[in-house]
>>> print(open('query_7.cif').read())   # mmCIF, C-alpha atoms, pLDDT in the B column; chains and numbers go by the auth columns
data_model
#
loop_
_atom_site.group_PDB
_atom_site.id
_atom_site.type_symbol
_atom_site.label_atom_id
_atom_site.label_comp_id
_atom_site.label_asym_id
_atom_site.label_seq_id
_atom_site.Cartn_x
_atom_site.Cartn_y
_atom_site.Cartn_z
_atom_site.B_iso_or_equiv
_atom_site.auth_seq_id
_atom_site.auth_asym_id
ATOM 1 C CA MET A 1 36.558 12.540 14.813 40.00 1 A
ATOM 2 C CA ASN A 2 33.517 10.474 13.840 49.00 2 A
ATOM 3 C CA THR A 3 31.153 12.739 11.886 52.00 3 A
ATOM 4 C CA LYS A 4 28.681 10.022 10.982 65.00 4 A
ATOM 5 C CA THR A 5 25.125 11.166 11.570 82.00 5 A
ATOM 6 C CA ARG A 6 23.045 8.661 13.479 83.00 6 A
ATOM 7 C CA PRO A 7 19.488 8.107 12.252 90.00 7 A
ATOM 8 C CA ASP A 8 16.604 9.584 14.200 91.00 8 A
ATOM 9 C CA VAL A 9 13.407 7.760 15.171 93.00 9 A
ATOM 10 C CA ASP A 10 11.627 8.656 11.914 91.00 10 A
ATOM 11 C CA GLN A 11 14.504 7.331 9.834 93.00 11 A
ATOM 12 C CA ILE A 12 14.646 4.093 11.833 95.00 12 A
ATOM 13 C CA MET A 13 10.895 3.668 11.363 92.00 13 A
ATOM 14 C CA GLN A 14 11.222 4.238 7.634 89.00 14 A
ATOM 15 C CA ALA A 15 14.082 1.757 7.294 93.00 15 A
ATOM 16 C CA ILE A 16 12.171 -0.982 9.143 92.00 16 A
ATOM 17 C CA GLU A 17 9.007 -0.301 7.149 87.00 17 A
ATOM 18 C CA ASP A 18 11.005 -0.432 3.901 85.00 18 A
ATOM 19 C CA ASP A 19 12.342 -3.838 4.938 88.00 19 A
ATOM 20 C CA VAL A 20 8.802 -5.074 5.563 84.00 20 A
ATOM 21 C CA VAL A 21 7.570 -3.727 2.230 76.00 21 A
ATOM 22 C CA ALA A 22 10.518 -5.272 0.353 75.00 22 A
ATOM 23 C CA GLY A 23 9.964 -8.643 2.005 76.00 23 A
ATOM 24 C CA ARG A 24 13.267 -8.610 3.867 85.00 24 A
ATOM 25 C CA LEU A 25 11.289 -8.803 7.123 87.00 25 A
ATOM 26 C CA LEU A 26 8.478 -11.316 6.749 83.00 26 A
ATOM 27 C CA PRO A 27 5.275 -11.516 8.838 84.00 27 A
ATOM 28 C CA GLY A 28 5.840 -13.250 12.173 87.00 28 A
ATOM 29 C CA ILE A 29 9.555 -12.474 12.389 91.00 29 A
ATOM 30 C CA ARG A 30 10.726 -11.243 15.801 94.00 30 A
ATOM 31 C CA LEU A 31 12.536 -7.909 15.821 95.00 31 A
ATOM 32 C CA ASP A 32 15.494 -7.908 18.213 94.00 32 A
ATOM 33 C CA GLU A 33 16.092 -4.479 19.776 94.00 33 A
ATOM 34 C CA ARG A 34 19.786 -5.222 20.336 94.00 34 A
ATOM 35 C CA VAL A 35 20.323 -6.215 16.718 95.00 35 A
ATOM 36 C CA LEU A 36 18.464 -3.141 15.496 95.00 36 A
ATOM 37 C CA SER A 37 20.387 -0.805 17.798 95.00 37 A
ATOM 38 C CA GLU A 38 23.648 -2.231 16.456 94.00 38 A
ATOM 39 C CA ARG A 39 22.453 -1.926 12.887 94.00 39 A
ATOM 40 C CA PHE A 40 21.539 1.742 13.261 94.00 40 A
ATOM 41 C CA ASP A 41 24.387 2.505 15.682 93.00 41 A
ATOM 42 C CA VAL A 42 22.032 3.967 18.270 94.00 42 A
ATOM 43 C CA SER A 43 20.910 3.122 21.778 93.00 43 A
ATOM 44 C CA ARG A 44 17.830 1.002 22.321 93.00 44 A
ATOM 45 C CA THR A 45 15.731 4.046 23.252 94.00 45 A
ATOM 46 C CA PRO A 46 15.118 5.354 19.688 94.00 46 A
ATOM 47 C CA VAL A 47 14.690 1.771 18.466 96.00 47 A
ATOM 48 C CA ARG A 48 11.959 1.171 21.067 94.00 48 A
ATOM 49 C CA GLU A 49 10.271 4.446 20.128 96.00 49 A
ATOM 50 C CA ALA A 50 10.361 3.500 16.426 94.00 50 A
ATOM 51 C CA LEU A 51 8.882 0.076 17.146 95.00 51 A
ATOM 52 C CA LEU A 52 6.190 1.602 19.347 94.00 52 A
ATOM 53 C CA ARG A 53 5.150 3.984 16.578 92.00 53 A
ATOM 54 C CA LEU A 54 5.153 1.169 14.024 91.00 54 A
ATOM 55 C CA SER A 55 2.915 -0.853 16.345 91.00 55 A
ATOM 56 C CA LEU A 56 0.428 2.027 16.469 87.00 56 A
ATOM 57 C CA VAL A 57 -0.071 1.824 12.704 82.00 57 A
ATOM 58 C CA GLY A 58 -0.161 -1.977 12.704 83.00 58 A
ATOM 59 C CA ILE A 59 3.083 -2.768 10.906 86.00 59 A
ATOM 60 C CA VAL A 60 4.546 -4.527 13.944 90.00 60 A
ATOM 61 C CA GLU A 61 2.952 -6.143 16.981 91.00 61 A
ATOM 62 C CA MET A 62 4.237 -5.920 20.551 93.00 62 A
ATOM 63 C CA ARG A 63 3.514 -9.069 22.573 92.00 63 A
ATOM 64 C CA ARG A 64 3.804 -8.945 26.355 90.00 64 A
ATOM 65 C CA ASN A 65 6.894 -10.779 27.648 88.00 65 A
ATOM 66 C CA LYS A 66 7.638 -12.061 24.134 92.00 66 A
ATOM 67 C CA GLY A 67 8.952 -9.110 22.169 93.00 67 A
ATOM 68 C CA THR A 68 8.065 -7.294 18.963 95.00 68 A
ATOM 69 C CA PHE A 69 7.087 -9.084 15.767 94.00 69 A
ATOM 70 C CA VAL A 70 6.252 -8.093 12.205 90.00 70 A
ATOM 71 C CA THR A 71 2.460 -8.225 12.097 85.00 71 A
ATOM 72 C CA GLU A 72 1.008 -11.434 10.697 81.00 72 A
ATOM 73 C CA PRO A 73 -2.610 -10.561 9.872 76.00 73 A
ATOM 74 C CA THR A 74 -5.333 -13.171 9.613 76.00 74 A
ATOM 75 C CA SER A 75 -7.324 -13.552 6.416 73.00 75 A
ATOM 76 C CA GLN A 76 -10.231 -11.726 8.049 77.00 76 A
ATOM 77 C CA ARG A 77 -7.992 -8.834 9.074 79.00 77 A
ATOM 78 C CA LEU A 78 -6.529 -8.602 5.575 78.00 78 A
ATOM 79 C CA LEU A 79 -10.017 -8.386 4.155 79.00 79 A
ATOM 80 C CA GLY A 80 -10.858 -5.667 6.674 83.00 80 A
ATOM 81 C CA MET A 81 -7.779 -3.698 5.608 83.00 81 A
ATOM 82 C CA LEU A 82 -8.747 -4.028 1.962 81.00 82 A
ATOM 83 C CA GLU A 83 -12.289 -2.844 2.637 85.00 83 A
ATOM 84 C CA VAL A 84 -10.993 0.248 4.432 90.00 84 A
ATOM 85 C CA LEU A 85 -8.395 0.893 1.713 90.00 85 A
ATOM 86 C CA ALA A 86 -11.105 0.674 -0.939 90.00 86 A
ATOM 87 C CA GLU A 87 -13.114 3.418 0.794 94.00 87 A
ATOM 88 C CA LEU A 88 -9.987 5.543 1.171 96.00 88 A
ATOM 89 C CA LYS A 89 -9.366 5.212 -2.575 95.00 89 A
ATOM 90 C CA VAL A 90 -12.876 6.420 -3.359 96.00 90 A
ATOM 91 C CA TYR A 91 -12.458 9.407 -1.050 97.00 91 A
ATOM 92 C CA ALA A 92 -8.997 10.091 -2.471 97.00 92 A
ATOM 93 C CA ALA A 93 -10.333 10.188 -6.031 97.00 93 A
ATOM 94 C CA SER A 94 -12.955 12.731 -5.018 98.00 94 A
ATOM 95 C CA LEU A 95 -10.467 14.929 -3.166 98.00 95 A
ATOM 96 C CA ALA A 96 -7.855 14.714 -5.918 98.00 96 A
ATOM 97 C CA ALA A 97 -10.406 15.865 -8.496 98.00 97 A
ATOM 98 C CA ARG A 98 -10.964 19.004 -6.427 97.00 98 A
ATOM 99 C CA ARG A 99 -7.440 19.665 -5.192 97.00 99 A
ATOM 100 C CA MET A 100 -4.872 18.517 -7.740 97.00 100 A
ATOM 101 C CA SER A 101 -2.811 21.270 -9.322 96.00 101 A
ATOM 102 C CA VAL A 102 -2.782 21.662 -13.103 96.00 102 A
ATOM 103 C CA PRO A 103 0.736 20.163 -13.417 97.00 103 A
ATOM 104 C CA GLU A 104 -0.330 17.209 -11.232 97.00 104 A
ATOM 105 C CA ARG A 105 -3.341 16.584 -13.453 97.00 105 A
ATOM 106 C CA HIS A 106 -1.215 16.591 -16.593 97.00 106 A
ATOM 107 C CA ALA A 107 1.317 14.271 -14.945 97.00 107 A
ATOM 108 C CA LEU A 108 -1.512 11.882 -14.023 97.00 108 A
ATOM 109 C CA VAL A 109 -2.764 11.834 -17.619 97.00 109 A
ATOM 110 C CA ALA A 110 0.800 11.169 -18.806 97.00 110 A
ATOM 111 C CA LEU A 111 0.963 8.117 -16.527 95.00 111 A
ATOM 112 C CA SER A 112 -2.362 6.923 -17.924 93.00 112 A
ATOM 113 C CA ASP A 113 -1.073 7.330 -21.487 94.00 113 A
ATOM 114 C CA ARG A 114 2.010 5.286 -20.630 94.00 114 A
ATOM 115 C CA MET A 115 -0.281 2.582 -19.257 91.00 115 A
ATOM 116 C CA LYS A 116 -2.007 2.349 -22.650 90.00 116 A
ATOM 117 C CA VAL A 117 1.347 1.862 -24.378 92.00 117 A
ATOM 118 C CA LEU A 118 2.175 -0.975 -21.983 90.00 118 A
ATOM 119 C CA ALA A 119 -1.289 -2.483 -22.425 87.00 119 A
ATOM 120 C CA ASP A 120 -0.870 -2.449 -26.210 88.00 120 A
ATOM 121 C CA ALA A 121 2.452 -4.254 -25.737 89.00 121 A
ATOM 122 C CA ASN A 122 0.819 -6.701 -23.291 85.00 122 A
ATOM 123 C CA ASP A 123 3.545 -5.819 -20.780 85.00 123 A
ATOM 124 C CA LEU A 124 1.635 -6.947 -17.695 79.00 124 A
ATOM 125 C CA LYS A 125 4.389 -6.564 -15.105 77.00 125 A
ATOM 126 C CA ASN A 126 5.198 -2.955 -15.937 86.00 126 A
ATOM 127 C CA TYR A 127 1.561 -2.138 -16.641 85.00 127 A
ATOM 128 C CA PHE A 128 0.395 -3.043 -13.148 79.00 128 A
ATOM 129 C CA ALA A 129 3.461 -1.389 -11.578 81.00 129 A
ATOM 130 C CA LEU A 130 2.475 1.806 -13.393 88.00 130 A
ATOM 131 C CA SER A 131 -1.116 1.352 -12.247 85.00 131 A
ATOM 132 C CA ASN A 132 0.186 1.465 -8.677 84.00 132 A
ATOM 133 C CA GLU A 133 1.968 4.731 -9.526 90.00 133 A
ATOM 134 C CA VAL A 134 -1.311 6.171 -10.785 93.00 134 A
ATOM 135 C CA HIS A 135 -3.058 5.361 -7.507 92.00 135 A
ATOM 136 C CA ALA A 136 -0.124 6.740 -5.507 93.00 136 A
ATOM 137 C CA ALA A 137 -0.330 9.976 -7.514 96.00 137 A
ATOM 138 C CA ILE A 138 -4.061 10.192 -6.810 97.00 138 A
ATOM 139 C CA PHE A 139 -3.450 9.889 -3.068 97.00 139 A
ATOM 140 C CA GLN A 140 -0.688 12.498 -3.300 96.00 140 A
ATOM 141 C CA GLY A 141 -3.058 14.808 -5.153 97.00 141 A
ATOM 142 C CA THR A 142 -5.464 14.883 -2.207 97.00 142 A
ATOM 143 C CA GLN A 143 -3.027 17.177 -0.359 96.00 143 A
ATOM 144 C CA ASN A 144 -4.159 15.321 2.775 97.00 144 A
ATOM 145 C CA THR A 145 -1.102 14.060 4.647 96.00 145 A
ATOM 146 C CA TYR A 146 -3.079 11.996 7.138 95.00 146 A
ATOM 147 C CA LEU A 147 -5.010 10.238 4.374 96.00 147 A
ATOM 148 C CA ILE A 148 -1.783 9.490 2.505 94.00 148 A
ATOM 149 C CA GLU A 149 -0.087 8.122 5.639 90.00 149 A
ATOM 150 C CA THR A 150 -3.106 6.009 6.604 91.00 150 A
ATOM 151 C CA ALA A 151 -3.320 4.402 3.168 91.00 151 A
ATOM 152 C CA ARG A 152 0.399 3.813 3.157 86.00 152 A
ATOM 153 C CA SER A 153 0.269 2.109 6.559 83.00 153 A
ATOM 154 C CA ILE A 154 -2.465 -0.267 5.382 85.00 154 A
ATOM 155 C CA GLN A 155 -0.544 -1.059 2.218 81.00 155 A
ATOM 156 C CA SER A 156 2.619 -1.710 4.235 78.00 156 A
ATOM 157 C CA CYS A 157 0.760 -4.165 6.472 76.00 157 A
ATOM 158 C CA MET A 158 -0.499 -6.053 3.422 75.00 158 A
ATOM 159 C CA CYS A 159 2.694 -5.906 1.399 68.00 159 A
ATOM 160 C CA ALA A 160 4.011 -9.406 2.159 60.00 160 A
ATOM 161 C CA TYR A 161 0.883 -10.799 0.510 63.00 161 A
ATOM 162 C CA ARG A 162 0.869 -8.452 -2.448 57.00 162 A
ATOM 163 C CA ARG A 163 1.406 -11.144 -5.090 50.00 163 A
ATOM 164 C CA GLN A 164 -1.703 -13.117 -4.146 51.00 164 A
ATOM 165 C CA LEU A 165 -3.764 -9.972 -3.638 55.00 165 A
ATOM 166 C CA SER A 166 -2.646 -8.425 -6.909 54.00 166 A
ATOM 167 C CA GLU A 167 -3.374 -11.633 -8.774 50.00 167 A
ATOM 168 C CA ALA A 168 -6.848 -11.693 -7.273 50.00 168 A
ATOM 169 C CA MET A 169 -7.403 -8.069 -8.254 51.00 169 A
ATOM 170 C CA HIS A 170 -6.143 -8.313 -11.824 52.00 170 A
ATOM 171 C CA ARG A 171 -8.950 -8.247 -14.339 52.00 171 A
ATOM 172 C CA PRO A 172 -8.579 -8.494 -18.123 57.00 172 A
ATOM 173 C CA LEU A 173 -6.058 -5.884 -19.215 65.00 173 A
ATOM 174 C CA LEU A 174 -8.393 -3.788 -21.353 66.00 174 A
ATOM 175 C CA THR A 175 -11.006 -3.720 -18.583 71.00 175 A
ATOM 176 C CA SER A 176 -8.408 -2.519 -16.097 78.00 176 A
ATOM 177 C CA LEU A 177 -7.137 0.108 -18.538 84.00 177 A
ATOM 178 C CA GLU A 178 -10.659 1.419 -19.157 88.00 178 A
ATOM 179 C CA GLU A 179 -11.331 1.625 -15.411 88.00 179 A
ATOM 180 C CA ASN A 180 -8.180 3.592 -14.738 90.00 180 A
ATOM 181 C CA ARG A 181 -8.666 5.930 -17.693 93.00 181 A
ATOM 182 C CA ASN A 182 -12.211 6.712 -16.534 95.00 182 A
ATOM 183 C CA ILE A 183 -10.890 7.592 -13.071 96.00 183 A
ATOM 184 C CA VAL A 184 -8.024 9.683 -14.436 96.00 184 A
ATOM 185 C CA GLY A 185 -10.283 11.464 -16.932 97.00 185 A
ATOM 186 C CA ALA A 186 -12.746 12.469 -14.226 97.00 186 A
ATOM 187 C CA ILE A 187 -9.955 13.739 -11.976 97.00 187 A
ATOM 188 C CA PHE A 188 -8.433 15.722 -14.856 97.00 188 A
ATOM 189 C CA ARG A 189 -11.786 17.391 -15.520 97.00 189 A
ATOM 190 C CA GLY A 190 -12.227 18.141 -11.814 97.00 190 A
ATOM 191 C CA ASP A 191 -15.384 16.049 -11.640 97.00 191 A
ATOM 192 C CA ALA A 192 -15.262 14.795 -8.044 97.00 192 A
ATOM 193 C CA ALA A 193 -18.546 12.865 -8.241 97.00 193 A
ATOM 194 C CA GLN A 194 -17.522 10.946 -11.362 97.00 194 A
ATOM 195 C CA ALA A 195 -14.025 10.292 -10.015 97.00 195 A
ATOM 196 C CA ALA A 196 -15.505 8.764 -6.869 97.00 196 A
ATOM 197 C CA HIS A 197 -18.062 6.829 -8.946 95.00 197 A
ATOM 198 C CA TRP A 198 -15.477 5.207 -11.211 94.00 198 A
ATOM 199 C CA MET A 199 -13.138 4.451 -8.323 94.00 199 A
ATOM 200 C CA ARG A 200 -15.993 2.790 -6.462 92.00 200 A
ATOM 201 C CA GLU A 201 -16.863 0.746 -9.544 88.00 201 A
ATOM 202 C CA GLN A 202 -13.281 -0.479 -9.609 84.00 202 A
ATOM 203 C CA THR A 203 -12.938 -1.197 -5.899 83.00 203 A
ATOM 204 C CA GLU A 204 -16.332 -2.936 -5.633 78.00 204 A
ATOM 205 C CA LEU A 205 -15.248 -5.417 -8.288 59.00 205 A
ATOM 206 C CA ARG A 206 -12.021 -6.012 -6.437 61.00 206 A
ATOM 207 C CA ARG A 207 -13.731 -6.539 -3.077 60.00 207 A
ATOM 208 C CA GLU A 208 -16.047 -9.215 -4.461 62.00 208 A
ATOM 209 C CA GLU A 209 -13.067 -11.170 -5.776 61.00 209 A
ATOM 210 C CA LEU A 210 -11.056 -10.657 -2.608 61.00 210 A
ATOM 211 C CA SER A 211 -13.929 -11.738 -0.369 62.00 211 A
ATOM 212 C CA ASP A 212 -14.089 -14.995 -2.316 63.00 212 A
ATOM 213 C CA LEU A 213 -10.322 -15.407 -1.976 60.00 213 A
ATOM 214 C CA MET A 214 -10.353 -14.841 1.784 59.00 214 A
ATOM 215 C CA LEU A 215 -13.288 -17.193 2.333 61.00 215 A
ATOM 216 C CA MET A 216 -11.532 -19.883 0.343 56.00 216 A
ATOM 217 C CA LEU A 217 -8.345 -19.478 2.366 50.00 217 A
ATOM 218 C CA THR A 218 -10.248 -19.568 5.657 50.00 218 A
ATOM 219 C CA HIS A 219 -12.264 -22.617 4.604 51.00 219 A
ATOM 220 C CA ASN A 220 -9.133 -24.500 3.569 47.00 220 A
ATOM 221 C CA ALA A 221 -7.228 -23.300 6.664 40.00 221 A
ATOM 222 C CA ALA A 222 -4.281 -22.616 4.374 40.00 222 A
ATOM 223 C CA PRO A 223 -2.001 -19.629 4.925 40.00 223 A
ATOM 224 C CA LEU A 224 -1.337 -17.184 2.160 39.00 224 A
ATOM 225 C CA GLU A 225 1.919 -17.937 0.412 40.00 225 A
ATOM 226 C CA LEU A 226 4.431 -15.198 1.071 36.00 226 A
ATOM 227 C CA GLU A 227 6.060 -13.442 -1.831 37.00 227 A
ATOM 228 C CA PRO A 228 9.783 -14.164 -1.825 34.00 228 A
ATOM 229 C CA ALA A 229 12.103 -11.256 -1.100 30.00 229 A
#
>>> encode(input="query_7.cif", output="structure tokens")
Amino acid sequence: MNTKTRPDVDQIMQAIEDDVVAGRLLPGIRLDERVLSERFDVSRTPVREALLRLSLVGIVEMRRNKGTFVTEPTSQRLLGMLEVLAELKVYAASLAARRMSVPERHALVALSDRMKVLADANDLKNYFALSNEVHAAIFQGTQNTYLIETARSIQSCMCAYRRQLSEAMHRPLLTSLEENRNIVGAIFRGDAAQAAHWMREQTELRREELSDLMLMLTHNAAPLELEPA
């Protein structure tokens, strides 16, 4: 008897989103319901439901009489996503300062300390990967599931362009380290106002650079280069 458990709608959604994030499904690619139903060994009904839910958060786009495609945002839309994400980060820093548990605060400081070690070693790749972990921990510390899911959806929509965006956002290493340590220190102390202040200082700098990047891309009518899978 076949005891294999078929995935439910949530699991199908997660698998497709993971493929988008990893670059296995690039922006503009059409998603074939038949292929997906065969892959997950389910009927088309849960596949359609998963795609519908993914379309509601902007990860895929349903086009009338054409099918479902991985969302291919314009430069202006990407900038809009980044502006919203920046505000969510500021709010998250404030909430995390008020709501994080003591163990979560200590874990956040430990991540920050590891970042300093990587900065001293000039290990850029692992440094910025760890910086992403710090921001993920801050969102988790808000204890606000909707906020976490919203931020994650935006990040998933932008993920295929993460190399260009991350390059645009990278400032000198010591500047970035100082910014993150100021944010982490304020959250550890429970100072919501200072946590929001330092996060806004960081995101405002990023938005200026990203606005310039988007305007340049629009002016040159050149698409963002996709990061290879």
>>> resolve_selection(input="query_7.cif", expression="the PyMOL selection byres ((chain A and resi 101-103) around 12)", output="list in words")
Leu95, Ala96, Ala97, Arg98, Arg99, Met100, Glu104, Arg105, His106, Ala107, Leu108, Val109, Ala110, Ala137, Ile138, Gln140, Gly141, Thr142, Gln143, Ile187, Phe188, Arg189 and Gly190 of chain A
>>> atom_distance(input="query_7.cif", atom1="atom CA of Tyr91 of chain A", atom2="atom CA of Leu130 of chain A")
20.8 Å
>>> residues_around(input="query_7.cif", residues="segment 57-69 of chain A", least_positions_apart="2", cutoff="6 Å", atoms="only C-alpha atoms", output="PDB file with C-alpha atoms, keeping the file's coordinate frame")
ATOM      1  CA  GLY A  28       5.840 -13.250  12.173  1.00 87.00           C
ATOM      2  CA  ILE A  29       9.555 -12.474  12.389  1.00 91.00           C
ATOM      3  CA  ARG A  30      10.726 -11.243  15.801  1.00 94.00           C
ATOM      4  CA  LEU A  31      12.536  -7.909  15.821  1.00 95.00           C
ATOM      5  CA  LEU A  54       5.153   1.169  14.024  1.00 91.00           C
ATOM      6  CA  SER A  55       2.915  -0.853  16.345  1.00 91.00           C
ATOM      7  CA  THR A  71       2.460  -8.225  12.097  1.00 85.00           C
ATOM      8  CA  CYS A 157       0.760  -4.165   6.472  1.00 76.00           C
TER       9      CYS A 157
END
>>> atom_distance(input="query_7.cif", atom1="atom CA of Val47 of chain A", atom2="atom CA of Arg24 of chain A")
18.0 Å
>>> atom_distance(input="query_7.cif", atom1="atom CA of Asp191 of chain A", atom2="atom CA of Met115 of chain A")
21.6 Å
>>> resolve_selection(input="query_7.cif", expression="the PyMOL selection byres ((chain A and resi 118) around 12)", output="ChimeraX atom specification")
/A:111-117,119-131,173-174,177
>>> residues_around(input="query_7.cif", residues="Ala151 of chain A", least_positions_apart="2", cutoff="9 Å", atoms="only C-alpha atoms", output="list in words")
Val84, Leu85, Leu88, Lys89, Phe139, Tyr146, Leu147, Ile148, Glu149, Ser153, Ile154, Gln155 and Ser156 of chain A
>>> closest_residue(input="query_7.cif", among="A:Asn144, A:Ser43, A:Asn180, A:Thr150", to="Glu87 of chain A", atoms="only C-alpha atoms")
A:Thr150
>>> closest_residue(input="query_7.cif", among="A:Leu26, A:Ala86, A:Ala186, A:Met158", to="Thr203 of chain A", atoms="all atoms listed in the file")
A:Ala86
>>> closest_residue(input="query_7.cif", among="A:Val9, A:Leu56, A:Val20, A:Ala136", to="Ala93 of chain A", atoms="all atoms listed in the file")
A:Ala136
>>> resolve_selection(input="query_7.cif", expression="the PyMOL selection byres ((chain A and resi 10-14) around 9)", output="list in words")
Pro7, Asp8, Val9, Ala15, Ile16, Glu17, Asp18, Asp19, Leu36, Phe40, Pro46, Val47, Glu49, Ala50, Leu51, Arg53 and Leu54 of chain A
